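protein.cif follows (mmCIF, C-alpha atoms):
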data_work
loop_
_atom_site.group_PDB
_atom_site.id
_atom_site.type_symbol
_atom_site.label_atom_id
_atom_site.label_comp_id
_atom_site.auth_asym_id
_atom_site.auth_seq_id
_atom_site.Cartn_x
_atom_site.Cartn_y
_atom_site.Cartn_z
ATOM 1 C CA MET Z 24 12.193 -9.780 -18.486
ATOM 2 C CA THR Z 25 9.913 -10.562 -15.555
ATOM 3 C CA ALA Z 26 10.112 -13.834 -13.638
ATOM 4 C CA THR Z 27 7.040 -14.968 -11.694
ATOM 5 C CA HIS Z 28 7.105 -17.113 -8.559
ATOM 6 C CA THR Z 29 4.869 -18.478 -5.806
ATOM 7 C CA LEU Z 30 5.875 -18.492 -2.147
ATOM 8 C CA ASP Z 31 4.058 -20.523 0.485
ATOM 9 C CA VAL Z 32 3.682 -18.609 3.762
ATOM 10 C CA PRO Z 33 1.554 -19.501 6.802
ATOM 11 C CA GLY Z 34 -2.041 -19.488 5.605
ATOM 12 C CA ALA Z 35 -1.374 -18.150 2.104
ATOM 13 C CA HIS Z 36 0.445 -18.590 -1.205
ATOM 14 C CA LEU Z 37 2.006 -15.375 -2.500
ATOM 15 C CA HIS Z 38 2.400 -14.528 -6.164
ATOM 16 C CA TYR Z 39 5.465 -12.327 -6.720
ATOM 17 C CA GLU Z 40 7.407 -10.996 -9.674
ATOM 18 C CA VAL Z 41 11.094 -10.153 -10.067
ATOM 19 C CA ARG Z 42 12.567 -7.937 -12.783
ATOM 20 C CA GLY Z 43 15.780 -6.017 -13.380
ATOM 21 C CA ALA Z 44 19.218 -6.087 -11.768
ATOM 22 C CA GLY Z 45 20.909 -4.091 -9.036
ATOM 23 C CA PRO Z 46 20.047 -3.226 -5.419
ATOM 24 C CA LEU Z 47 16.936 -4.987 -4.151
ATOM 25 C CA LEU Z 48 13.756 -2.904 -3.969
ATOM 26 C CA LEU Z 49 10.392 -4.199 -2.773
ATOM 27 C CA VAL Z 50 7.431 -2.302 -4.238
ATOM 28 C CA VAL Z 51 4.402 -2.909 -2.037
ATOM 29 C CA GLY Z 52 0.715 -2.111 -2.386
ATOM 30 C CA SER Z 53 -2.432 -3.019 -0.501
ATOM 31 C CA PRO Z 54 -4.814 -3.962 -1.923
ATOM 32 C CA MET Z 55 -3.203 -2.969 -5.252
ATOM 33 C CA ASP Z 56 -1.538 -5.967 -6.858
ATOM 34 C CA ALA Z 57 1.696 -6.428 -8.784
ATOM 35 C CA GLY Z 58 0.102 -5.493 -12.088
ATOM 36 C CA ALA Z 59 -0.705 -1.974 -10.887
ATOM 37 C CA PHE Z 60 2.995 -1.303 -10.270
ATOM 38 C CA ALA Z 61 4.274 -2.772 -13.539
ATOM 39 C CA PRO Z 62 4.929 0.606 -15.283
ATOM 40 C CA LEU Z 63 6.926 1.908 -12.309
ATOM 41 C CA ALA Z 64 8.737 -1.400 -11.841
ATOM 42 C CA ASP Z 65 9.698 -1.512 -15.516
ATOM 43 C CA VAL Z 66 11.328 1.923 -15.226
ATOM 44 C CA LEU Z 67 13.151 1.092 -11.993
ATOM 45 C CA ALA Z 68 14.365 -2.273 -13.321
ATOM 46 C CA GLY Z 69 17.094 -0.493 -15.265
ATOM 47 C CA ASP Z 70 19.084 -0.057 -12.044
ATOM 48 C CA HIS Z 71 17.291 -2.126 -9.377
ATOM 49 C CA THR Z 72 16.126 -5.650 -8.812
ATOM 50 C CA VAL Z 73 12.439 -4.830 -8.352
ATOM 51 C CA VAL Z 74 10.106 -7.242 -6.577
ATOM 52 C CA THR Z 75 6.347 -6.744 -6.715
ATOM 53 C CA HIS Z 76 3.652 -9.041 -5.380
ATOM 54 C CA ASP Z 77 -0.070 -9.589 -4.920
ATOM 55 C CA PRO Z 78 -1.005 -9.185 -1.228
ATOM 56 C CA ARG Z 79 -2.514 -12.268 0.358
ATOM 57 C CA GLY Z 80 -6.076 -12.836 -0.810
ATOM 58 C CA ILE Z 81 -5.675 -10.463 -3.774
ATOM 59 C CA SER Z 82 -5.442 -11.576 -7.432
ATOM 60 C CA GLY Z 83 -2.851 -14.357 -7.734
ATOM 61 C CA SER Z 84 -2.109 -14.697 -3.999
ATOM 62 C CA THR Z 85 -4.512 -17.211 -2.516
ATOM 63 C CA HIS Z 86 -5.273 -17.838 1.134
ATOM 64 C CA ASP Z 87 -6.338 -20.928 3.047
ATOM 65 C CA ASP Z 88 -8.975 -19.231 5.207
ATOM 66 C CA PRO Z 89 -11.220 -16.810 3.279
ATOM 67 C CA ASP Z 90 -12.495 -15.385 6.580
ATOM 68 C CA GLN Z 91 -9.043 -14.333 7.812
ATOM 69 C CA ASP Z 92 -8.559 -10.579 7.950
ATOM 70 C CA SER Z 93 -5.552 -9.005 6.251
ATOM 71 C CA THR Z 94 -3.724 -6.821 8.766
ATOM 72 C CA PRO Z 95 -0.582 -4.711 8.298
ATOM 73 C CA GLU Z 96 1.237 -6.959 10.778
ATOM 74 C CA LEU Z 97 0.329 -10.103 8.842
ATOM 75 C CA ARG Z 98 1.343 -8.534 5.546
ATOM 76 C CA ALA Z 99 4.624 -7.326 7.089
ATOM 77 C CA ASP Z 100 5.448 -10.889 8.111
ATOM 78 C CA ASP Z 101 4.727 -11.937 4.523
ATOM 79 C CA MET Z 102 7.303 -9.380 3.349
ATOM 80 C CA ALA Z 103 9.890 -10.759 5.766
ATOM 81 C CA ALA Z 104 9.205 -14.256 4.423
ATOM 82 C CA LEU Z 105 9.586 -12.930 0.892
ATOM 83 C CA LEU Z 106 13.007 -11.507 1.785
ATOM 84 C CA ASP Z 107 13.945 -14.933 3.149
ATOM 85 C CA ALA Z 108 12.880 -16.558 -0.116
ATOM 86 C CA LEU Z 109 14.981 -14.063 -2.056
ATOM 87 C CA GLY Z 110 17.987 -14.823 0.131
ATOM 88 C CA ALA Z 111 18.185 -11.183 1.205
ATOM 89 C CA ASP Z 112 19.017 -9.925 4.675
ATOM 90 C CA SER Z 113 17.364 -6.592 3.893
ATOM 91 C CA ALA Z 114 16.027 -4.413 1.089
ATOM 92 C CA ASP Z 115 14.779 -0.933 0.399
ATOM 93 C CA VAL Z 116 10.990 -0.695 0.313
ATOM 94 C CA PHE Z 117 8.570 1.578 -1.523
ATOM 95 C CA GLY Z 118 5.047 1.255 -0.179
ATOM 96 C CA SER Z 119 1.988 3.006 -1.563
ATOM 97 C CA SER Z 120 -1.228 3.689 0.341
ATOM 98 C CA GLY Z 121 -2.072 0.511 2.271
ATOM 99 C CA GLY Z 122 1.296 -0.843 1.135
ATOM 100 C CA ALA Z 123 2.946 2.069 2.924
ATOM 101 C CA VAL Z 124 1.172 0.932 6.090
ATOM 102 C CA THR Z 125 2.549 -2.565 5.461
ATOM 103 C CA GLY Z 126 6.005 -0.993 5.210
ATOM 104 C CA LEU Z 127 5.593 0.802 8.536
ATOM 105 C CA ALA Z 128 4.608 -2.470 10.176
ATOM 106 C CA LEU Z 129 7.599 -4.190 8.535
ATOM 107 C CA VAL Z 130 10.047 -1.675 10.028
ATOM 108 C CA ALA Z 131 8.414 -1.952 13.454
ATOM 109 C CA ARG Z 132 8.326 -5.773 13.472
ATOM 110 C CA HIS Z 133 11.483 -6.557 11.492
ATOM 111 C CA PRO Z 134 13.659 -3.436 11.839
ATOM 112 C CA ASP Z 135 16.837 -5.040 10.497
ATOM 113 C CA ARG Z 136 15.190 -6.130 7.246
ATOM 114 C CA VAL Z 137 14.726 -2.630 5.776
ATOM 115 C CA GLY Z 138 17.345 -0.176 4.549
ATOM 116 C CA THR Z 139 15.121 2.742 3.529
ATOM 117 C CA LEU Z 140 11.334 2.740 3.605
ATOM 118 C CA VAL Z 141 9.584 5.275 1.410
ATOM 119 C CA ALA Z 142 6.018 5.347 2.740
ATOM 120 C CA HIS Z 143 3.970 7.134 0.082
ATOM 121 C CA GLU Z 144 0.718 8.504 1.505
ATOM 122 C CA PRO Z 145 -0.103 5.889 4.138
ATOM 123 C CA PRO Z 146 -3.739 6.168 5.347
ATOM 124 C CA VAL Z 147 -2.818 6.142 9.043
ATOM 125 C CA MET Z 148 -6.023 7.839 10.109
ATOM 126 C CA GLU Z 149 -5.563 7.087 13.801
ATOM 127 C CA LEU Z 150 -2.964 9.882 13.856
ATOM 128 C CA LEU Z 151 -5.503 12.558 12.927
ATOM 129 C CA PRO Z 152 -7.299 14.843 15.396
ATOM 130 C CA ASP Z 153 -10.611 13.580 13.987
ATOM 131 C CA ALA Z 154 -9.624 9.918 14.227
ATOM 132 C CA ALA Z 155 -12.948 8.966 15.817
ATOM 133 C CA GLU Z 156 -14.857 10.432 12.876
ATOM 134 C CA GLN Z 157 -12.584 8.638 10.418
ATOM 135 C CA ARG Z 158 -13.097 5.371 12.273
ATOM 136 C CA ALA Z 159 -16.863 5.809 12.072
ATOM 137 C CA MET Z 160 -16.606 6.560 8.352
ATOM 138 C CA THR Z 161 -14.630 3.360 7.767
ATOM 139 C CA ASP Z 162 -17.188 1.343 9.724
ATOM 140 C CA ASP Z 163 -19.984 2.876 7.652
ATOM 141 C CA ILE Z 164 -18.209 1.982 4.397
ATOM 142 C CA VAL Z 165 -17.771 -1.645 5.493
ATOM 143 C CA GLU Z 166 -21.383 -1.842 6.663
ATOM 144 C CA THR Z 167 -22.530 -0.328 3.367
ATOM 145 C CA PHE Z 168 -20.607 -3.030 1.499
ATOM 146 C CA HIS Z 169 -22.333 -5.792 3.441
ATOM 147 C CA ARG Z 170 -25.736 -4.124 3.171
ATOM 148 C CA GLU Z 171 -25.767 -2.595 -0.323
ATOM 149 C CA GLY Z 172 -22.823 -4.074 -2.204
ATOM 150 C CA GLN Z 173 -19.589 -2.825 -3.701
ATOM 151 C CA GLY Z 174 -20.981 -0.033 -5.864
ATOM 152 C CA ALA Z 175 -22.371 1.918 -2.920
ATOM 153 C CA ALA Z 176 -19.312 1.165 -0.802
ATOM 154 C CA TRP Z 177 -16.930 2.438 -3.483
ATOM 155 C CA MET Z 178 -18.853 5.688 -3.748
ATOM 156 C CA LYS Z 179 -18.548 6.319 -0.020
ATOM 157 C CA PHE Z 180 -14.913 5.258 0.027
ATOM 158 C CA MET Z 181 -13.880 7.594 -2.789
ATOM 159 C CA ALA Z 182 -15.816 10.518 -1.326
ATOM 160 C CA GLY Z 183 -14.276 9.982 2.097
ATOM 161 C CA ALA Z 184 -10.785 9.775 0.606
ATOM 162 C CA GLY Z 185 -11.282 13.153 -1.061
ATOM 163 C CA PHE Z 186 -11.455 12.050 -4.692
ATOM 164 C CA ASP Z 187 -13.767 13.731 -7.160
ATOM 165 C CA SER Z 188 -15.596 10.808 -8.743
ATOM 166 C CA GLY Z 189 -16.073 12.905 -11.841
ATOM 167 C CA ASP Z 190 -12.389 13.163 -12.711
ATOM 168 C CA GLY Z 191 -10.966 10.051 -11.135
ATOM 169 C CA GLY Z 192 -8.335 11.767 -9.047
ATOM 170 C CA GLY Z 193 -6.076 13.096 -11.765
ATOM 171 C CA ASP Z 194 -3.563 10.324 -12.451
ATOM 172 C CA GLY Z 195 -5.769 7.514 -13.639
ATOM 173 C CA ASP Z 196 -7.396 4.689 -11.631
ATOM 174 C CA CYS Z 197 -8.762 7.299 -9.231
ATOM 175 C CA GLY Z 198 -5.324 8.538 -8.298
ATOM 176 C CA GLY Z 199 -4.024 5.151 -7.239
ATOM 177 C CA ALA Z 200 -6.642 4.567 -4.594
ATOM 178 C CA PRO Z 201 -8.071 1.059 -4.539
ATOM 179 C CA THR Z 202 -11.081 1.436 -6.778
ATOM 180 C CA PRO Z 203 -13.192 -0.525 -9.230
ATOM 181 C CA PRO Z 204 -11.733 -0.480 -12.749
ATOM 182 C CA PRO Z 205 -13.598 1.374 -15.498
ATOM 183 C CA GLY Z 206 -16.186 -0.588 -17.412
ATOM 184 C CA GLU Z 207 -17.591 -3.955 -16.441
ATOM 185 C CA PRO Z 208 -15.611 -5.492 -13.561
ATOM 186 C CA SER Z 209 -14.133 -8.950 -14.026
ATOM 187 C CA LEU Z 210 -14.748 -11.756 -11.567
ATOM 188 C CA GLN Z 211 -11.265 -11.090 -10.175
ATOM 189 C CA ASP Z 212 -12.043 -7.390 -9.751
ATOM 190 C CA ILE Z 213 -15.174 -8.290 -7.814
ATOM 191 C CA ALA Z 214 -13.295 -10.782 -5.653
ATOM 192 C CA ASN Z 215 -10.558 -8.239 -4.898
ATOM 193 C CA GLY Z 216 -13.135 -5.608 -3.974
ATOM 194 C CA ALA Z 217 -14.927 -8.000 -1.660
ATOM 195 C CA ARG Z 218 -11.642 -8.907 -0.017
ATOM 196 C CA PHE Z 219 -10.751 -5.232 0.441
ATOM 197 C CA PHE Z 220 -14.034 -4.172 2.011
ATOM 198 C CA GLY Z 221 -14.729 -7.359 3.936
ATOM 199 C CA HIS Z 222 -11.297 -8.204 5.317
ATOM 200 C CA GLU Z 223 -8.674 -5.508 4.688
ATOM 201 C CA LEU Z 224 -9.920 -1.917 4.854
ATOM 202 C CA ARG Z 225 -10.725 -1.779 8.550
ATOM 203 C CA GLY Z 226 -7.430 -3.297 9.701
ATOM 204 C CA THR Z 227 -5.375 -0.973 7.534
ATOM 205 C CA ALA Z 228 -7.310 2.163 8.482
ATOM 206 C CA ARG Z 229 -7.032 1.423 12.202
ATOM 207 C CA TYR Z 230 -3.315 0.709 12.233
ATOM 208 C CA VAL Z 231 -1.428 2.863 14.726
ATOM 209 C CA PRO Z 232 2.242 3.302 13.750
ATOM 210 C CA ASP Z 233 4.732 2.597 16.517
ATOM 211 C CA ILE Z 234 6.532 5.937 16.333
ATOM 212 C CA ALA Z 235 9.103 5.016 18.971
ATOM 213 C CA ALA Z 236 9.988 1.805 17.137
ATOM 214 C CA LEU Z 237 10.191 3.619 13.792
ATOM 215 C CA LYS Z 238 12.557 6.210 15.263
ATOM 216 C CA ALA Z 239 14.714 3.596 16.993
ATOM 217 C CA ALA Z 240 15.004 1.269 13.999
ATOM 218 C CA PRO Z 241 18.187 1.242 11.931
ATOM 219 C CA ALA Z 242 15.963 1.706 8.868
ATOM 220 C CA ARG Z 243 15.518 5.185 7.414
ATOM 221 C CA VAL Z 244 11.814 6.044 7.126
ATOM 222 C CA VAL Z 245 10.798 8.681 4.582
ATOM 223 C CA VAL Z 246 7.213 9.865 4.110
ATOM 224 C CA GLY Z 247 6.165 10.718 0.553
ATOM 225 C CA VAL Z 248 3.322 13.005 -0.514
ATOM 226 C CA GLY Z 249 1.933 13.812 -3.930
ATOM 227 C CA ALA Z 250 2.408 17.332 -5.253
ATOM 228 C CA ALA Z 251 -1.270 17.343 -6.242
ATOM 229 C CA SER Z 252 -2.628 15.511 -3.187
ATOM 230 C CA GLY Z 253 -3.448 18.519 -1.027
ATOM 231 C CA GLY Z 254 -7.188 17.804 -0.937
ATOM 232 C CA LEU Z 255 -6.844 14.120 -0.085
ATOM 233 C CA LEU Z 256 -7.229 12.412 3.269
ATOM 234 C CA THR Z 257 -3.898 10.639 2.743
ATOM 235 C CA TYR Z 258 -2.134 14.005 2.480
ATOM 236 C CA ARG Z 259 -3.313 14.824 6.001
ATOM 237 C CA THR Z 260 -2.250 11.441 7.358
ATOM 238 C CA SER Z 261 1.157 11.673 5.676
ATOM 239 C CA ILE Z 262 1.880 15.113 7.105
ATOM 240 C CA ALA Z 263 0.806 13.937 10.566
ATOM 241 C CA LEU Z 264 3.171 10.955 10.362
ATOM 242 C CA ALA Z 265 6.091 13.041 9.090
ATOM 243 C CA GLU Z 266 5.629 15.513 11.957
ATOM 244 C CA LEU Z 267 5.675 12.733 14.540
ATOM 245 C CA LEU Z 268 8.818 11.268 12.984
ATOM 246 C CA GLY Z 269 10.424 14.705 12.899
ATOM 247 C CA THR Z 270 11.399 14.420 9.238
ATOM 248 C CA PRO Z 271 10.196 16.521 6.299
ATOM 249 C CA PRO Z 272 8.051 14.723 3.715
ATOM 250 C CA VAL Z 273 9.362 14.233 0.176
ATOM 251 C CA GLU Z 274 7.165 15.515 -2.636
ATOM 252 C CA PHE Z 275 6.484 13.155 -5.535
ATOM 253 C CA PRO Z 276 4.912 13.968 -8.913
ATOM 254 C CA GLY Z 277 1.144 13.755 -9.243
ATOM 255 C CA ASP Z 278 -1.296 12.802 -6.533
ATOM 256 C CA HIS Z 279 -1.950 9.607 -4.587
ATOM 257 C CA GLY Z 280 -1.205 7.508 -7.656
ATOM 258 C CA GLY Z 281 1.438 9.578 -9.402
ATOM 259 C CA PHE Z 282 3.383 6.399 -10.170
ATOM 260 C CA LEU Z 283 0.532 5.299 -12.458
ATOM 261 C CA GLY Z 284 0.327 8.284 -14.758
ATOM 262 C CA ARG Z 285 3.926 9.537 -14.529
ATOM 263 C CA PRO Z 286 6.145 6.504 -13.833
ATOM 264 C CA GLU Z 287 9.375 7.950 -15.281
ATOM 265 C CA GLU Z 288 9.224 11.174 -13.261
ATOM 266 C CA PHE Z 289 8.057 9.305 -10.181
ATOM 267 C CA ALA Z 290 10.902 6.796 -10.476
ATOM 268 C CA GLU Z 291 13.465 9.589 -10.705
ATOM 269 C CA VAL Z 292 12.297 11.141 -7.438
ATOM 270 C CA LEU Z 293 12.219 7.699 -5.818
ATOM 271 C CA ARG Z 294 15.798 6.998 -6.924
ATOM 272 C CA ARG Z 295 17.007 10.285 -5.428
ATOM 273 C CA THR Z 296 15.128 9.595 -2.202
ATOM 274 C CA LEU Z 297 16.567 6.105 -1.835
ATOM 275 C CA ALA Z 298 20.051 7.465 -2.463
ATOM 276 C CA GLY Z 299 19.568 9.762 0.539
#

Would you mind writing the structure in this file as structure tokens?
Amino acid sequence: MTATHTLDVPGAHLHYEVRGAGPLLLVVGSPMDAGAFAPLADVLAGDHTVVTHDPRGISGSTHDDPDQDSTPELRADDMAALLDALGADSADVFGSSGGAVTGLALVARHPDRVGTLVAHEPPVMELLPDAAEQRAMTDDIVETFHREGQGAAWMKFMAGAGFDSGDGGGDGDCGGAPTPPPGEPSLQDIANGARFFGHELRGTARYVPDIAALKAAPARVVVGVGAASGGLLTYRTSIALAELLGTPPVEFPGDHGGFLGRPEEFAEVLRRTLAG
């Protein structure tokens, strides 16, 4: 059974869902919403209290200022507020893609609130040798969105991320990357896409992890990579982060979105990783 709630935080109203029983686990995406993680959360709910949410400005989480950008730091503070609402001093965290960046910011800003962070393929492009080129690519995608609309921007985004638009990345929903759904998009899909390109992509892509803070924190930080993600930009960023942290990455089933197509296998690896 899944219970739904709304939490008021500064400037926004967060929709979050709670299911299961056991140790607390936050499952975090960005811009992916709670619904995208439902299959994984349902599997994990057998032995965890799993909390998913819609990031501010996405789906059921509304914001007071539509022009406010969504940054990893802001989203990390939202996660700390969510822990307060749950009455929890700390929790384990699984973050995917932009949600993994949120998790890194959470550990850096609120180090005592996280037990183990599993950061699955965070797009921390500032760590790459070609960071300047990646920054220019992100700027071009955002400019394309404003100039030509979401369709053209999605094409550039998926190509830059390393996905083959012909096969959708292997695990469904273009491998878990934020992407327009198949068929005719709903009004909510369009709103989420506009929020992503207009106010979220640039801040996430330009986030620079505080490596010293991550190493000094009491939290354990584990970087996850997909077994089939070798050709993706997020594989490169994940390996770069793991090397800076001095810890080997953990391989998960599938590619960037292995939790979508193979939730049972993915959950089993996640359980073992959280157990240490």

Inset, instruction - Using the chain letters and residue numbers of this document, give as a PyMOL selection string the residues selected by the PyMOL selection byres ((chain Z and resi 59-74) around 7). - result: chain Z and resi 39-50+55-58+75-76+282+286-287+290

Legend entry - Point-to-point distance in Å for CA of Gly122 in chain Z and CA of Leu37 in chain Z: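 Separation between CA of Leu37 in chain Z and CA of Gly122 in chain Z: 15.0 Å.
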
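Counting all atoms listed in the file, Ile262 in chain Z has the following residues at most 9 Å away, ignoring those fewer than 6 positions along the same chain: Z:Glu144, Z:Val246, Z:Gly247, Z:Val248, Z:Pro271, Z:Pro272.
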
Can you pull out every residue within 9 Å of Arg259 in chain Z, counting only C-alpha atoms, but drop anything in the same chain fewer than 3 positions away, and send it as a PDB file with C-alpha atoms, in the frame of the given file?
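The file below, around.pdb, is the result:
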ATOM      1  CA  GLU Z 144       0.718   8.504   1.505  1.00  0.00           C
ATOM      2  CA  PRO Z 146      -3.739   6.168   5.347  1.00  0.00           C
ATOM      3  CA  MET Z 148      -6.023   7.839  10.109  1.00  0.00           C
ATOM      4  CA  LEU Z 151      -5.503  12.558  12.927  1.00  0.00           C
ATOM      5  CA  GLY Z 253      -3.448  18.519  -1.027  1.00  0.00           C
ATOM      6  CA  GLY Z 254      -7.188  17.804  -0.937  1.00  0.00           C
ATOM      7  CA  LEU Z 255      -6.844  14.120  -0.085  1.00  0.00           C
ATOM      8  CA  LEU Z 256      -7.229  12.412   3.269  1.00  0.00           C
ATOM      9  CA  ILE Z 262       1.880  15.113   7.105  1.00  0.00           C
ATOM     10  CA  ALA Z 263       0.806  13.937  10.566  1.00  0.00           C
ATOM     11  CA  LEU Z 264       3.171  10.955  10.362  1.00  0.00           C
TER      12      LEU Z 264
END

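Residue nearest Ala155 in chain Z within the list Z:His143, Z:Phe180, Z:Pro208, Z:Arg229: Z:Arg229 [criterion: smallest interatomic distance, all atoms listed in the file].
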
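CA of Gly221 in chain Z is found 14.7 Å from CA of Met160 in chain Z.
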
Missing atoms in range 121-134 of chain Z should be modelled up to N, CA, C and O atoms and reported as a compact mmCIF listing (two decimals), in the coordinates of the input.
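Okay, selection-v2.txt is ready:
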# COMPACT_ATOMS: atom_id res chain seq x y z
N GLY Z 121 -2.08 1.59 1.30
CA GLY Z 121 -2.07 0.51 2.27
C GLY Z 121 -0.75 -0.23 2.30
O GLY Z 121 -0.36 -0.78 3.34
N GLY Z 122 -0.03 -0.24 1.17
CA GLY Z 122 1.30 -0.84 1.14
C GLY Z 122 2.31 -0.05 1.95
O GLY Z 122 3.27 -0.62 2.48
N ALA Z 123 2.09 1.26 2.05
CA ALA Z 123 2.95 2.07 2.92
C ALA Z 123 2.72 1.71 4.38
O ALA Z 123 3.65 1.72 5.19
N VAL Z 124 1.47 1.39 4.73
CA VAL Z 124 1.17 0.93 6.09
C VAL Z 124 1.85 -0.41 6.34
O VAL Z 124 2.42 -0.65 7.41
N THR Z 125 1.82 -1.30 5.35
CA THR Z 125 2.55 -2.56 5.46
C THR Z 125 4.02 -2.31 5.73
O THR Z 125 4.65 -2.97 6.57
N GLY Z 126 4.60 -1.33 5.02
CA GLY Z 126 6.00 -0.99 5.21
C GLY Z 126 6.31 -0.49 6.61
O GLY Z 126 7.34 -0.84 7.20
N LEU Z 127 5.41 0.32 7.16
CA LEU Z 127 5.59 0.80 8.54
C LEU Z 127 5.57 -0.36 9.52
O LEU Z 127 6.38 -0.41 10.46
N ALA Z 128 4.67 -1.30 9.30
CA ALA Z 128 4.61 -2.47 10.18
C ALA Z 128 5.85 -3.34 10.00
O ALA Z 128 6.35 -3.93 10.97
N LEU Z 129 6.39 -3.41 8.79
CA LEU Z 129 7.60 -4.19 8.54
C LEU Z 129 8.79 -3.62 9.31
O LEU Z 129 9.55 -4.37 9.94
N VAL Z 130 8.95 -2.30 9.29
CA VAL Z 130 10.05 -1.68 10.03
C VAL Z 130 9.88 -1.90 11.53
O VAL Z 130 10.85 -2.18 12.25
N ALA Z 131 8.65 -1.79 12.02
CA ALA Z 131 8.41 -1.95 13.45
C ALA Z 131 8.64 -3.39 13.92
O ALA Z 131 9.18 -3.62 15.01
N ARG Z 132 8.26 -4.36 13.09
CA ARG Z 132 8.33 -5.77 13.47
C ARG Z 132 9.66 -6.42 13.09
O ARG Z 132 10.10 -7.36 13.75
N HIS Z 133 10.25 -5.96 12.01
CA HIS Z 133 11.48 -6.56 11.49
C HIS Z 133 12.46 -5.43 11.13
O HIS Z 133 12.80 -5.24 9.95
N PRO Z 134 12.92 -4.67 12.12
CA PRO Z 134 13.66 -3.44 11.84
C PRO Z 134 14.96 -3.63 11.07
O PRO Z 134 15.40 -2.71 10.37
